[in-house]
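> Take this structure first; my questions come after.
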Amino acid sequence: MKNHQSRGPSRRTVLKGAAGAAALGTAIVGFPAYLKAAGKPIKIGMPTIMSGRVAILGESSVAAAQLQIARVNKAGGVGGRPLELVVRDSRGKPDEAARMTRDLVNNEGCDIILDAEASSASFAVNEVVRDIKKYCIHSNSETSSLTAEPKNQVPWVFRSARQGIHDAVGGGLYAAKVAKEKGLKRWATVSPDYAYGRANTEEFMEYVKVFAPEVEIIEQTWPKIFQPDYTENVTALLNAQPQAVYSCLWGGDLVAFTDQASLYGLFNQFEAFAVNLGDYPVITAIKSLPEGVHSGSRYHRDIPDTAENEAWYKEFMANSKVLPTNWSWENATAMDFIIAALTATGGDTDAEKLGKATAGLTIDSPFGAGGKLTMRESDHTLVNYMVGYSKTIAKDPYVVDFKQTDWADIYKHEDEWKKRNGYI
Amino acid sequence: MTLLREFRRDLAIAAAGLVVLLLIGFGVENPWPRDFLTSIFAVGLLAMSLNLLVGYTGLVSFGHAAFFAFGGYVFGLLLQWPAFTDSLGAGSVPVAFAAAVIGTGLYATIIGAICVRLTEIYFAFLTLAFQMFLYSVILSAVSITGGDQGLMGGIPRPVFLGIDLGDPHHRYTVCAVVFVVCVMIMRIVTESPFGYTLRMIRDNTQRAAFLGVNVARVKLICFVTAGSIAGVGGIILALFTSGAYPEWAFWAQSGEAIFMIMLGGLNVFLGPLLGAVALRILNDVVQMYTSHTEIVIGFVILAVVLGLRRGLLDFARDWWIERQQAKLAAASREERQS
Amino acid sequence: MIELDALAACLTTPACLVNQTTSGLIIGMLLFLVASGVTLIFGVLHVINFAHGSFYMLGAYFAFTVYGLTGNYFLAAGAGAAGAALSGIVFERLIISRVYGQNLLMQLLVCYAFILIVDDLVKIVWGAEYLAMGIPAEFRLPPLRFAGGFVPPFYLFLVAMAVAIGVGSLLIVTKTRFGKIVRAAAHNASMVSALGIRVNIYFALLFGLGCGLAGVAGALAAPVRSLTPGMGLGILVESFIVTVIGGMGSIPGAFLAAIILGLTRSIGSVGFPLFVDGAMFMIMALVLIFRPTGLLGQGTLR
């Protein structure tokens, strides 16, 4: 009896609930939005990170992409159709990024995906766009295998970001030169303990050793990502007493590490190389910026030191709540390639056609070496951007004395690296 | 057979539900409803299985997503292992599925045996500790799990019995069937005498013990059942995303499942499922209008918790019962007057 | 996985020993301040403040702003503590007081909602940028040397402050009239209110005190930690581990557990760098299995 009673109401509520949920689902999120899409603006879906500790990266990415779109739309759009950016916050979760990418295409009617996710989520998005065959540019992931690995390559997917191996060769050449000049043999590293941190550090040190074989690594310490306190890592470096230190810490973590390391006088004791230090939000946040730290190129108004770049910086600052980051120029570039490809196809968003138009394309860009950026045909990744190192000074412009790595050197070593890994 | 008879109405509803799901899957050309529902199958199983512990047994677990992640990872790792797929061929997917569910069950048995002896908050924290332990193992065992990058490069899914899980319709159908079967299993568990033992433990553990119930054993069985079903949820998500990610084992995933239960209602069988649907829709709709998703969802949670003080279906059920009682009272008053 | 050689080499070198022990203490003492707030609130009011990390974050942001205005670090730290305490009182009155005596899930959910709201508010008010306060001028000193090891004077100050504040709050709860009333009220609210004491105010004040402890930790550490929305999360998890290991409700327990955790982190980074987090959760699990009330906990402060 009791059994029966307790089941009675719940079954009915169940049905009601299910019907209600289904109706609600279709009414609110469902087909209306999908049907509306036809004949309207060309929609570009952008999954990225807009909340939490790295929200600034997503915000600076969206601001940059919007800037390029606004310019085109002011000039009448592409083939008479304006462009529209649809942004979704995945919070950096790979499965959310994958789901949102599908939703952007299937539900919002986006024909193009600008994947502004960090590394692991970008692989999830890559999986989706290969599956559903939508034109996509990965704008932030630096992980080399994303485009270098043949099994990830399809005709309609590209990367407009730095690639780990390019920075590693550039950084290795630069650091080896400094090491030889100053006799730096004992090296240590302090990098975040996750795939990017480990891969980046390994590649960098590998190339330092290629160009300066006498270098040895005596200590490696791996703080967790978003760790609030780096004291144990700082003291680990102190104990090892290296002559030089490399770090690929980034963002707020690098700010905190720099301040905490300064307390121990760490930067007075050895040469420091930090590939991600040059990002504006980082370098402006650090209050007592140590001088003479070797800082990798991210985005800077003076790198390259051209009128076009200066103009872009000013325009960005006038339209953004946040400072430009490395992700900003990468997303502006992604959007430039999308626009160029759309212009070439006359607004046709077919994945294969857009892919064909993008592969091997060279565009004018404020961020390129010699004002040009190329989407390399062989592996669909960006080349000819600014790779190199500067030195820090305590006040604006914060970094000076930029040394650009010769792209011929990068190509040479990249080819060898690809062969070693069986990619070609 | 008695099972069939006793649950024939539930079985009929389940069959009807499955037909509706399949009609949506095959009747609508746009893949969006399939994607939406598949992700609901996954998190729905996580939330509903957690409610076996929270709602039916009174065990508040903060670490339930550990089993969700465990199932997904075992399934994905087995299928990514060439020796496994080579030797089993067409049998790979079913064997990997079974192995992932059984493996998750065994893992839940070990964790459960340690945890169920503790009560309330200590149980909650211990489950959380084990979950975070699993999370840090996934992150540090890079050579096996891929660390923070998760299982990359896709999960191979060899065709079995003519079913190709690479095909969206096949995949959706399999996920829907698995989901409905799991829901039915939970229904039988909660409405069987065992289910009423669980409720007795929740309402008065001492009384249950006096009546000769081996409380620890019953709790453990419930814990393992819930864990295994959460593992199935993880498998569905692994199939859907063609990967597995450490975030699935992070405490926020458990927290989200708890919120789904509270939002939908923990005293009604399908409450957590409604919660899962409602949370997803809320999230998607808010995202369309503002980038400040967090603040809006925060206020919605506050409104539900402080305003309704129970889940949506709980609220509906209480309202319905009250109305029935009012009717009964009115009827009996009339009777007396006449 | 385990680098025993490195560990042995470190433990036998005075410099390394000094460096790692002091860094363990520094990490531990800031955790202790945050955790003591959690444990204080639980011990007396029997609610778990899952939103504690948000008050740590608020303390840091308030301190950042006041430091920017006045350039005075001590004033900034005070403002951080006061701001977090006031926010805590508001949070208690508006939200937490409605879930006293409710089940754990209700408490968890309102706190979760609060975390989401505060994170977004911080992003709206202060922006998503990484902010850093910088080392105050009075502490820009070269590190002290002990037996070949380095100890920054600023960290000595932080440790001393943490211990003093922790002891102070313990005294407030156990020795003062305020503490006695609030503990009596938590034990039997109707009896105490029958004496003409408005217990609600006392509960709110105690909750505020607990949040103030998190705030002062955030404010004191602001010069060496970058400020971002969501920064409370990491510290929240660690402070819960400390609270559980030490015993829910025990301030001395939190002190002991914070030192254990700090040393695990600093020694672990030398001896088992890949397993530091795993080790922390393992300690927590072991304590819960063999001594669920924690190392020094007797359940509550009563």
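Chain identifiers are assigned as A, B, and so on, following the order in which chains appear in the structure tokens; residues are numbered from 1 within each chain, and ligands are numbered from 1 in order of appearance.
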Give the helix (DSSP H, G or I) residues of segment 54-275 of chain B, as assigned by DSSP on the backbone, as a PyMOL selection string.

chain B and resi 54-57+65-80+82-115+120-140+142-145+147-149+168-191+193-203+205-210+215-241+246-249+251-264+271-275

> Would you list which chain C residues are within 6 Å of chain A using only C-alpha atoms, as a VMD selection string?

chain C and resid 16 19 23 128 to 132 134 143 152 224 to 226 228 to 230 266

> So how many Å separate atom CA of Ile363 of chain A and atom CA of Lys419 of chain A, to one decimal?

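Calculated distance between atom CA of Ile363 of chain A and atom CA of Lys419 of chain A is 28.5 Å.
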
> Find the residues near Val38 of chain C: any atom within 12 Å, counting only C-alpha atoms, skip ones fewer than 2 places away on the same chain, and give them as a ChimeraX atom specification.

/C:31-36,40-53,55-56,206-215,235-244,246-251,254

> Take the residues that were just selected and, keeping C-alpha atoms, output them as a PDB file, in the first residue's frame.


```
ATOM      1  CA  LEU C  31      47.171  28.955   5.902  1.00  0.00           C
ATOM      2  CA  PHE C  32      46.710  28.885   9.651  1.00  0.00           C
ATOM      3  CA  LEU C  33      45.154  32.364   9.644  1.00  0.00           C
ATOM      4  CA  VAL C  34      42.628  31.409   6.981  1.00  0.00           C
ATOM      5  CA  ALA C  35      41.911  28.002   8.510  1.00  0.00           C
ATOM      6  CA  SER C  36      41.499  29.396  12.017  1.00  0.00           C
ATOM      7  CA  LEU C  40      36.308  29.156  14.675  1.00  0.00           C
ATOM      8  CA  ILE C  41      33.035  29.542  12.786  1.00  0.00           C
ATOM      9  CA  PHE C  42      32.432  25.812  12.694  1.00  0.00           C
ATOM     10  CA  GLY C  43      33.406  25.278  16.319  1.00  0.00           C
ATOM     11  CA  VAL C  44      30.932  27.816  17.610  1.00  0.00           C
ATOM     12  CA  LEU C  45      28.188  28.185  15.034  1.00  0.00           C
ATOM     13  CA  HIS C  46      28.289  24.694  13.492  1.00  0.00           C
ATOM     14  CA  VAL C  47      28.158  25.933   9.947  1.00  0.00           C
ATOM     15  CA  ILE C  48      30.859  25.281   7.424  1.00  0.00           C
ATOM     16  CA  ASN C  49      31.819  28.448   5.651  1.00  0.00           C
ATOM     17  CA  PHE C  50      32.669  27.137   2.199  1.00  0.00           C
ATOM     18  CA  ALA C  51      32.886  30.742   1.034  1.00  0.00           C
ATOM     19  CA  HIS C  52      35.869  31.454   3.249  1.00  0.00           C
ATOM     20  CA  GLY C  53      38.245  31.845   0.310  1.00  0.00           C
ATOM     21  CA  PHE C  55      36.853  36.695   2.223  1.00  0.00           C
ATOM     22  CA  TYR C  56      40.542  36.023   1.779  1.00  0.00           C
ATOM     23  CA  LEU C 206      31.619  35.920  15.581  1.00  0.00           C
ATOM     24  CA  PHE C 207      31.056  35.115  11.932  1.00  0.00           C
ATOM     25  CA  GLY C 208      32.556  38.481  11.078  1.00  0.00           C
ATOM     26  CA  LEU C 209      35.574  37.723  13.267  1.00  0.00           C
ATOM     27  CA  GLY C 210      36.139  34.470  11.386  1.00  0.00           C
ATOM     28  CA  CYS C 211      35.887  36.189   8.014  1.00  0.00           C
ATOM     29  CA  GLY C 212      38.147  38.963   9.271  1.00  0.00           C
ATOM     30  CA  LEU C 213      40.834  36.342   9.915  1.00  0.00           C
ATOM     31  CA  ALA C 214      40.642  35.256   6.290  1.00  0.00           C
ATOM     32  CA  GLY C 215      40.640  38.901   5.235  1.00  0.00           C
ATOM     33  CA  ILE C 235      43.539  28.771  -0.500  1.00  0.00           C
ATOM     34  CA  LEU C 236      40.037  27.487   0.323  1.00  0.00           C
ATOM     35  CA  VAL C 237      40.889  23.894  -0.467  1.00  0.00           C
ATOM     36  CA  GLU C 238      44.133  24.015   1.501  1.00  0.00           C
ATOM     37  CA  SER C 239      42.555  25.704   4.488  1.00  0.00           C
ATOM     38  CA  PHE C 240      39.901  22.988   4.597  1.00  0.00           C
ATOM     39  CA  ILE C 241      42.570  20.338   4.617  1.00  0.00           C
ATOM     40  CA  VAL C 242      44.198  22.147   7.539  1.00  0.00           C
ATOM     41  CA  THR C 243      40.894  22.450   9.371  1.00  0.00           C
ATOM     42  CA  VAL C 244      40.039  18.789   8.934  1.00  0.00           C
ATOM     43  CA  GLY C 246      43.675  19.744  12.942  1.00  0.00           C
ATOM     44  CA  GLY C 247      40.141  18.942  14.023  1.00  0.00           C
ATOM     45  CA  MET C 248      37.053  20.925  13.111  1.00  0.00           C
ATOM     46  CA  GLY C 249      36.690  23.598  15.769  1.00  0.00           C
ATOM     47  CA  SER C 250      40.166  23.463  17.237  1.00  0.00           C
ATOM     48  CA  ILE C 251      42.377  26.518  16.750  1.00  0.00           C
ATOM     49  CA  ALA C 254      44.658  24.238  12.953  1.00  0.00           C
TER      50      ALA C 254
END
```

> Specify as number ranges by chain all residues of chain C found within 6 Å of chain B, counting only C-alpha atoms.

C: 110, 113, 116-117, 120, 278, 281, 285

> When the cut-off is 9 Å and we count only C-alpha atoms, which residues of chain B are near chain A, given as a ChimeraX atom specification?

/B:10,13,30-33,35-36,39,139-140,142,146-150,152-154,191-192,237,241-245,247-248,268-271,274,277-278,281,284-285,287-288,291-294,313,316-317,320-321

> If you keep N, CA and C atoms, can you produce a file of those selected residues as a compact mmCIF listing (two decimals), in the first residue's frame?


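Produced file result-v8.txt, reproduced below:
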```txt
# COMPACT_ATOMS: atom_id res chain seq x y z
N ASP B 10 6.30 1.19 -14.36
CA ASP B 10 7.55 1.92 -14.54
C ASP B 10 8.24 1.51 -15.84
N ILE B 13 6.55 3.13 -18.71
CA ILE B 13 6.94 4.54 -18.82
C ILE B 13 8.35 4.66 -19.38
N ASN B 30 18.48 18.55 -37.31
CA ASN B 30 19.51 19.32 -36.62
C ASN B 30 20.12 18.51 -35.48
N PRO B 31 21.45 18.41 -35.41
CA PRO B 31 22.05 17.56 -34.37
C PRO B 31 21.94 18.14 -32.95
N TRP B 32 21.49 19.40 -32.85
CA TRP B 32 21.53 20.00 -31.53
C TRP B 32 20.78 19.21 -30.45
N PRO B 33 19.51 18.77 -30.70
CA PRO B 33 18.82 18.03 -29.63
C PRO B 33 19.56 16.77 -29.22
N ASP B 35 22.86 16.29 -29.30
CA ASP B 35 24.01 16.71 -28.48
C ASP B 35 23.55 17.08 -27.08
N PHE B 36 22.49 17.88 -27.05
CA PHE B 36 21.99 18.35 -25.76
C PHE B 36 21.60 17.17 -24.89
N SER B 39 24.53 14.92 -23.59
CA SER B 39 25.25 15.45 -22.43
C SER B 39 24.37 15.39 -21.18
N LEU B 139 46.45 13.96 -12.73
CA LEU B 139 47.31 15.06 -13.21
C LEU B 139 48.78 14.65 -13.24
N SER B 140 49.22 13.86 -12.26
CA SER B 140 50.66 13.60 -12.22
C SER B 140 51.06 12.36 -13.03
N VAL B 142 51.22 11.57 -15.99
CA VAL B 142 51.10 12.10 -17.35
C VAL B 142 51.27 11.02 -18.41
N GLY B 146 47.81 11.39 -19.72
CA GLY B 146 47.96 12.64 -20.46
C GLY B 146 47.89 13.87 -19.57
N GLY B 147 47.88 13.66 -18.25
CA GLY B 147 47.87 14.79 -17.32
C GLY B 147 46.72 15.73 -17.58
N ASP B 148 47.00 17.03 -17.53
CA ASP B 148 45.93 18.02 -17.66
C ASP B 148 45.35 18.06 -19.07
N GLN B 149 46.05 17.49 -20.04
CA GLN B 149 45.52 17.52 -21.41
C GLN B 149 44.43 16.49 -21.62
N GLY B 150 44.33 15.55 -20.69
CA GLY B 150 43.31 14.52 -20.83
C GLY B 150 43.69 13.48 -21.88
N MET B 152 43.87 12.43 -25.29
CA MET B 152 43.73 13.16 -26.54
C MET B 152 43.77 12.22 -27.74
N GLY B 153 43.44 12.81 -28.87
CA GLY B 153 43.57 12.07 -30.12
C GLY B 153 42.39 11.16 -30.41
N GLY B 154 41.32 11.32 -29.64
CA GLY B 154 40.11 10.54 -29.93
C GLY B 154 40.16 9.14 -29.35
N GLU B 191 12.72 1.53 -5.29
CA GLU B 191 11.36 1.12 -4.93
C GLU B 191 11.30 -0.30 -4.40
N SER B 192 12.44 -0.97 -4.35
CA SER B 192 12.47 -2.32 -3.81
C SER B 192 12.56 -2.25 -2.28
N LEU B 237 29.89 10.32 -21.43
CA LEU B 237 30.55 11.59 -21.75
C LEU B 237 31.85 11.35 -22.53
N THR B 241 32.46 13.10 -26.04
CA THR B 241 33.55 14.04 -26.30
C THR B 241 34.74 13.36 -26.95
N SER B 242 34.69 12.03 -27.07
CA SER B 242 35.80 11.27 -27.62
C SER B 242 37.10 11.57 -26.88
N GLY B 243 36.98 11.65 -25.55
CA GLY B 243 38.14 11.91 -24.72
C GLY B 243 37.74 11.81 -23.27
N ALA B 244 38.68 12.05 -22.37
CA ALA B 244 38.36 12.12 -20.94
C ALA B 244 39.27 13.17 -20.34
N TYR B 245 38.76 13.96 -19.41
CA TYR B 245 39.52 15.11 -18.92
C TYR B 245 39.56 15.13 -17.40
N GLU B 247 39.19 17.44 -15.36
CA GLU B 247 38.15 18.26 -14.74
C GLU B 247 36.98 17.42 -14.24
N TRP B 248 36.79 16.26 -14.87
CA TRP B 248 35.67 15.41 -14.44
C TRP B 248 35.88 14.92 -13.02
N VAL B 268 12.10 13.49 -5.10
CA VAL B 268 11.36 12.94 -6.22
C VAL B 268 12.37 12.24 -7.12
N PHE B 269 11.97 11.05 -7.58
CA PHE B 269 12.94 10.20 -8.29
C PHE B 269 13.65 10.93 -9.43
N LEU B 270 12.88 11.61 -10.29
CA LEU B 270 13.49 12.26 -11.46
C LEU B 270 13.94 13.70 -11.18
N GLY B 271 13.85 14.12 -9.92
CA GLY B 271 14.25 15.49 -9.58
C GLY B 271 15.64 15.86 -10.08
N LEU B 274 15.74 16.56 -13.78
CA LEU B 274 15.19 17.87 -14.12
C LEU B 274 16.20 18.96 -13.76
N VAL B 277 18.80 19.22 -16.44
CA VAL B 277 18.28 19.92 -17.62
C VAL B 277 18.17 21.42 -17.34
N ALA B 278 17.60 21.75 -16.17
CA ALA B 278 17.37 23.16 -15.85
C ALA B 278 18.69 23.92 -15.75
N ILE B 281 20.13 24.50 -19.27
CA ILE B 281 19.40 25.52 -20.01
C ILE B 281 19.68 26.90 -19.43
N ASP B 284 23.06 28.01 -20.57
CA ASP B 284 23.12 28.38 -21.99
C ASP B 284 22.37 29.68 -22.26
N VAL B 285 21.21 29.83 -21.61
CA VAL B 285 20.42 31.03 -21.86
C VAL B 285 21.14 32.27 -21.31
N GLN B 287 24.24 32.68 -20.94
CA GLN B 287 25.39 32.97 -21.80
C GLN B 287 25.02 33.77 -23.04
N MET B 288 23.77 33.60 -23.49
CA MET B 288 23.37 34.33 -24.69
C MET B 288 23.26 35.83 -24.42
N SER B 291 27.95 38.22 -20.33
CA SER B 291 29.18 37.47 -20.04
C SER B 291 29.32 37.27 -18.53
N HIS B 292 28.43 37.88 -17.75
CA HIS B 292 28.50 37.68 -16.30
C HIS B 292 27.62 36.51 -15.88
N THR B 293 27.96 35.33 -16.40
CA THR B 293 27.17 34.13 -16.12
C THR B 293 27.15 33.83 -14.63
N GLU B 294 28.33 33.98 -14.00
CA GLU B 294 28.47 33.51 -12.62
C GLU B 294 27.52 34.24 -11.69
N LEU B 313 10.92 20.01 -8.30
CA LEU B 313 9.94 18.91 -8.25
C LEU B 313 9.46 18.66 -6.83
N ALA B 316 6.83 21.15 -6.39
CA ALA B 316 5.62 20.76 -7.10
C ALA B 316 4.89 19.64 -6.34
N ARG B 317 5.66 18.68 -5.85
CA ARG B 317 5.04 17.55 -5.16
C ARG B 317 4.35 18.02 -3.87
N TRP B 320 1.21 19.75 -4.69
CA TRP B 320 0.18 18.81 -5.13
C TRP B 320 -0.42 18.08 -3.92
N ILE B 321 0.44 17.64 -3.03
CA ILE B 321 -0.05 16.92 -1.85
C ILE B 321 -0.94 17.84 -1.01
```

> Ranking C:Leu109, C:Ala147, C:Ala162, C:Ala6 by minimum distance to Leu220 of chain C and counting only C-alpha atoms, which one comes first?

C:Ala162

> Counting only C-alpha atoms, what is within 10 Å of segment 96-98 of chain B, bar same-chain residues fewer than 3 positions away, as JSON, numbers by chain?

{"B": [71, 72, 74, 75, 76, 77, 78, 79, 84, 85, 88, 91, 92, 93, 101, 102, 103, 104, 231, 232, 235, 236]}

> Could you dump the residues just selected with C-alpha atoms as a short mmCIF file (atom, residue, chain, number, x, y, z; two decimals), in the first residue's frame?


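And here is the file that came out, result.cif:
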```
data_model
loop_
_atom_site.label_atom_id
_atom_site.label_comp_id
_atom_site.auth_asym_id
_atom_site.auth_seq_id
_atom_site.Cartn_x
_atom_site.Cartn_y
_atom_site.Cartn_z
CA GLY B 71 34.51 5.18 -15.60
CA GLY B 72 35.32 7.58 -18.42
CA VAL B 74 39.04 3.33 -17.84
CA PHE B 75 36.78 3.13 -20.89
CA GLY B 76 38.90 5.58 -22.89
CA LEU B 77 42.25 4.13 -21.84
CA LEU B 78 41.24 0.58 -22.73
CA LEU B 79 40.08 1.57 -26.19
CA PHE B 84 43.31 -4.30 -26.38
CA THR B 85 41.46 -3.32 -29.53
CA LEU B 88 39.28 -8.08 -29.08
CA GLY B 91 34.23 -7.02 -29.01
CA SER B 92 36.35 -4.09 -27.81
CA VAL B 93 33.61 -1.60 -27.09
CA VAL B 101 31.67 -0.37 -15.08
CA ILE B 102 33.07 -3.28 -13.08
CA GLY B 103 36.33 -1.43 -12.51
CA THR B 104 34.45 1.60 -11.23
CA GLY B 231 30.84 5.47 -14.03
CA VAL B 232 28.34 4.75 -16.82
CA ILE B 235 31.50 6.48 -20.21
CA ILE B 236 28.70 8.28 -22.05
#
```

> For Pro304 of chain A, list every protein, DNA or RNA residue within 12 Å, evaluated using only C-alpha atoms, and leave out those in the same chain fewer than 5 positions away; present the list as a short mmCIF file (atom, residue, chain, number, x, y, z; two decimals) with N, CA and C atoms, in the first residue's frame.


```cif
data_model
loop_
_atom_site.label_atom_id
_atom_site.label_comp_id
_atom_site.auth_asym_id
_atom_site.auth_seq_id
_atom_site.Cartn_x
_atom_site.Cartn_y
_atom_site.Cartn_z
N SER A 297 59.27 37.51 -26.35
CA SER A 297 58.33 38.40 -27.03
C SER A 297 56.92 37.86 -26.90
N ARG A 298 56.00 38.68 -26.42
CA ARG A 298 54.57 38.32 -26.37
C ARG A 298 53.83 39.27 -27.29
N TYR A 299 53.20 40.32 -26.70
CA TYR A 299 52.77 41.42 -27.55
C TYR A 299 53.32 42.70 -26.94
N ASN A 309 51.91 48.98 -36.02
CA ASN A 309 51.72 48.33 -34.73
C ASN A 309 51.32 49.36 -33.67
N GLU A 310 51.97 50.50 -33.69
CA GLU A 310 51.64 51.58 -32.74
C GLU A 310 50.17 51.99 -32.91
N ALA A 311 49.74 52.09 -34.18
CA ALA A 311 48.35 52.49 -34.45
C ALA A 311 47.38 51.44 -33.93
N TRP A 312 47.74 50.15 -34.16
CA TRP A 312 46.85 49.08 -33.68
C TRP A 312 46.76 49.11 -32.16
N TYR A 313 47.89 49.32 -31.49
CA TYR A 313 47.91 49.38 -30.03
C TYR A 313 46.97 50.48 -29.54
N SER A 365 50.16 42.63 -41.97
CA SER A 365 49.76 42.61 -40.57
C SER A 365 50.70 43.45 -39.74
N PRO A 366 50.18 44.18 -38.75
CA PRO A 366 51.06 44.95 -37.86
C PRO A 366 51.94 44.04 -37.00
N PHE A 367 51.63 42.74 -36.96
CA PHE A 367 52.37 41.86 -36.04
C PHE A 367 53.43 41.02 -36.74
N GLY A 368 53.57 41.16 -38.04
CA GLY A 368 54.48 40.29 -38.77
C GLY A 368 55.88 40.87 -38.89
N ALA A 369 56.86 39.99 -39.10
CA ALA A 369 58.20 40.45 -39.40
C ALA A 369 58.16 41.03 -40.81
N GLY A 370 58.55 42.28 -40.96
CA GLY A 370 58.44 42.93 -42.25
C GLY A 370 57.01 43.21 -42.66
N GLY A 371 56.11 43.24 -41.67
CA GLY A 371 54.72 43.60 -41.96
C GLY A 371 53.90 42.52 -42.64
N LYS A 372 54.41 41.29 -42.65
CA LYS A 372 53.69 40.19 -43.32
C LYS A 372 53.57 38.99 -42.37
N ASN A 384 56.45 33.65 -39.46
CA ASN A 384 56.94 35.00 -39.74
C ASN A 384 56.43 36.05 -38.74
N TYR A 385 56.01 35.59 -37.56
CA TYR A 385 55.62 36.55 -36.51
C TYR A 385 56.84 36.91 -35.67
N MET A 386 56.66 37.69 -34.62
CA MET A 386 57.79 38.19 -33.86
C MET A 386 58.26 37.14 -32.84
N VAL A 387 59.45 36.61 -33.04
CA VAL A 387 60.04 35.67 -32.09
C VAL A 387 61.37 36.26 -31.64
N GLY A 388 61.58 36.33 -30.36
CA GLY A 388 62.85 36.85 -29.88
C GLY A 388 62.78 37.24 -28.42
N SER A 390 63.79 40.31 -25.27
CA SER A 390 64.19 41.66 -24.89
C SER A 390 64.74 41.60 -23.47
N VAL A 400 63.25 46.54 -23.53
CA VAL A 400 64.02 47.24 -24.55
C VAL A 400 64.96 46.25 -25.21
N ASP A 401 65.59 46.73 -26.30
CA ASP A 401 66.68 45.97 -26.89
C ASP A 401 66.21 44.62 -27.45
N PHE A 402 65.11 44.65 -28.23
CA PHE A 402 64.54 43.41 -28.75
C PHE A 402 65.45 42.80 -29.82
N LYS A 403 65.68 41.49 -29.70
CA LYS A 403 66.48 40.78 -30.71
C LYS A 403 65.58 39.78 -31.43
N GLN A 404 65.29 40.04 -32.70
CA GLN A 404 64.45 39.14 -33.48
C GLN A 404 65.26 37.93 -33.94
#
```

> Could you please determine the separation between atom CA of Met184 of chain B and atom CA of Met260 of chain B in Å, to one decimal place?

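Between atom CA of Met184 of chain B and atom CA of Met260 of chain B the gap works out to 19.5 Å.
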
> Pull the strand (DSSP E or B) assignments for segment 112-284 of chain C out of DSSP run on the backbone, and list those residues as a PyMOL selection string.

chain C and resi 131+144-146+149-151+227

> Residues as selected, N, CA and C atoms, written as a short mmCIF file (atom, residue, chain, number, x, y, z; two decimals), in the first residue's frame, can you do that?


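Saved file again_21.cif follows:
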```
data_model
loop_
_atom_site.label_atom_id
_atom_site.label_comp_id
_atom_site.auth_asym_id
_atom_site.auth_seq_id
_atom_site.Cartn_x
_atom_site.Cartn_y
_atom_site.Cartn_z
N LEU C 131 46.46 41.99 -10.40
CA LEU C 131 46.92 43.15 -9.66
C LEU C 131 47.99 42.71 -8.66
N LEU C 144 67.83 38.01 5.45
CA LEU C 144 68.77 37.68 6.53
C LEU C 144 69.41 36.33 6.23
N ARG C 145 70.59 36.11 6.77
CA ARG C 145 71.27 34.83 6.54
C ARG C 145 71.35 34.04 7.83
N PHE C 146 70.92 32.79 7.80
CA PHE C 146 71.11 31.89 8.94
C PHE C 146 71.75 30.61 8.44
N GLY C 149 71.34 29.73 5.02
CA GLY C 149 70.00 29.84 4.46
C GLY C 149 69.56 31.30 4.41
N PHE C 150 68.49 31.55 3.66
CA PHE C 150 67.98 32.91 3.51
C PHE C 150 66.61 33.04 4.18
N VAL C 151 66.39 34.15 4.89
CA VAL C 151 65.07 34.42 5.44
C VAL C 151 64.72 35.88 5.22
N LEU C 227 46.74 39.36 -7.34
CA LEU C 227 45.31 39.39 -7.08
C LEU C 227 44.55 39.15 -8.37
#
```

> Could you state the separation of atom CA of Trp156 of chain A and atom CA of Ala357 of chain A in Å, given to one decimal place?

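These atoms are spaced 9.6 Å apart.
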